[in-house]
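Notes for the one structure printed next.
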Amino acid sequence: MIAGLVTGVGFGLAMYWLRFGLKLTDVQASALLVLIAGIAVRVFAVDFSYGTVAACVSYALMSDQGILSSFMDYVSVGLLTGLALTLFSKTLTGIGGRLGTFAFVSVLVWLGVKRLFRTKKW
């Protein structure tokens, strides 16, 4: 479980650096992140789930900069995506749409948390 969370945060950080450090577009950053993760999984013979987390985090972080723009946004969505995949990966089976669903839910949860803390009605 910890590995999934750390992986999600790590890929969130990588995606932030690619978009804001290297000034890549969201599509370019996502493609590069997934390519590197796919090669690393193969070369280092690690569990395929790390590549799955990379893909899912990159999908989530392809959100518009008006929705996700800060360092904390990227880290938090990466963490939530890693958590969602770790806890619920057996819930949704198959390939088509599964990662996109997890990515979408992660972004929605993060936006809800941000709004809750901004309004302080808790």
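Letters for chains follow the order of the structure tokens (A, B, ...), residue numbers begin at 1 for each chain, and ligand numbers begin at 1 in the order shown.
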
Given only C-alpha atoms, how would the per-residue table for segment 30-82 of chain A near segment 10-18 of chain A read, listing every residue at most 10 Å away with its closest atom pair and distance in Å to one decimal, sorted by chain and number, as CSV?
residue,atom,partner,partner_atom,distance
A:Ser30,CA,A:Met15,CA,7.1
A:Leu32,CA,A:Leu18,CA,8.6
A:Leu33,CA,A:Met15,CA,7.0
A:Val34,CA,A:Phe11,CA,9.5
A:Ala37,CA,A:Phe11,CA,9.0
A:Tyr50,CA,A:Phe11,CA,9.7
A:Gly51,CA,A:Phe11,CA,10.0
A:Val53,CA,A:Phe11,CA,8.0
A:Ala54,CA,A:Phe11,CA,5.9
A:Ala55,CA,A:Phe11,CA,9.0
A:Cys56,CA,A:Phe11,CA,9.6
A:Val57,CA,A:Gly12,CA,6.5
A:Ser58,CA,A:Met15,CA,6.8
A:Ala60,CA,A:Gly12,CA,9.4
A:Leu61,CA,A:Met15,CA,7.3
A:Met62,CA,A:Met15,CA,9.0
A:Ser69,CA,A:Tyr16,CA,8.7
A:Ser70,CA,A:Tyr16,CA,8.5
A:Phe71,CA,A:Tyr16,CA,6.8
A:Met72,CA,A:Leu13,CA,9.4
A:Asp73,CA,A:Gly12,CA,8.8
A:Tyr74,CA,A:Gly12,CA,5.2
A:Val75,CA,A:Gly12,CA,5.2
A:Ser76,CA,A:Gly12,CA,7.9
A:Val77,CA,A:Gly12,CA,7.1
A:Gly78,CA,A:Gly12,CA,4.6
A:Leu79,CA,A:Gly12,CA,7.7
A:Thr81,CA,A:Gly12,CA,9.3
A:Gly82,CA,A:Phe11,CA,9.4

If we count only C-alpha atoms, what is near Val105 of chain A at a cut-off of 10 Å, once residues fewer than 2 positions away on the same chain are taken out, given as a PyMOL selection string? chain A and resi 60+77+80-81+84+99-103+107-111

Please determine, counting only C-alpha atoms, which residue among A:Ile67, A:Leu85, A:Ile2, A:Ile39 has the shortest atom-to-atom distance to Thr52 of chain A. A:Leu85

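Taking atom CA of Arg42 of chain A as the reference point, atom CA of Thr7 of chain A is found at 16.2 Å.
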
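The two atoms in question, atom CA of Arg98 of chain A and atom CA of Gly4 of chain A, are spaced 16.7 Å apart.
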
Report as an MDAnalysis selection string: the residues of segment 26-121 of chain A with a DSSP assignment of alpha helix (DSSP H), based on the backbone of this structure. chainID A and resid 26:43 49:60 71:88 98:119

Selected residue, from A:Leu68, A:Phe117, A:Val41, A:Leu83, that lies nearest to Val9 of chain A when counting only C-alpha atoms: A:Leu83

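Atom CA of Lys23 of chain A is positioned 17.7 Å from atom CA of Leu35 of chain A.
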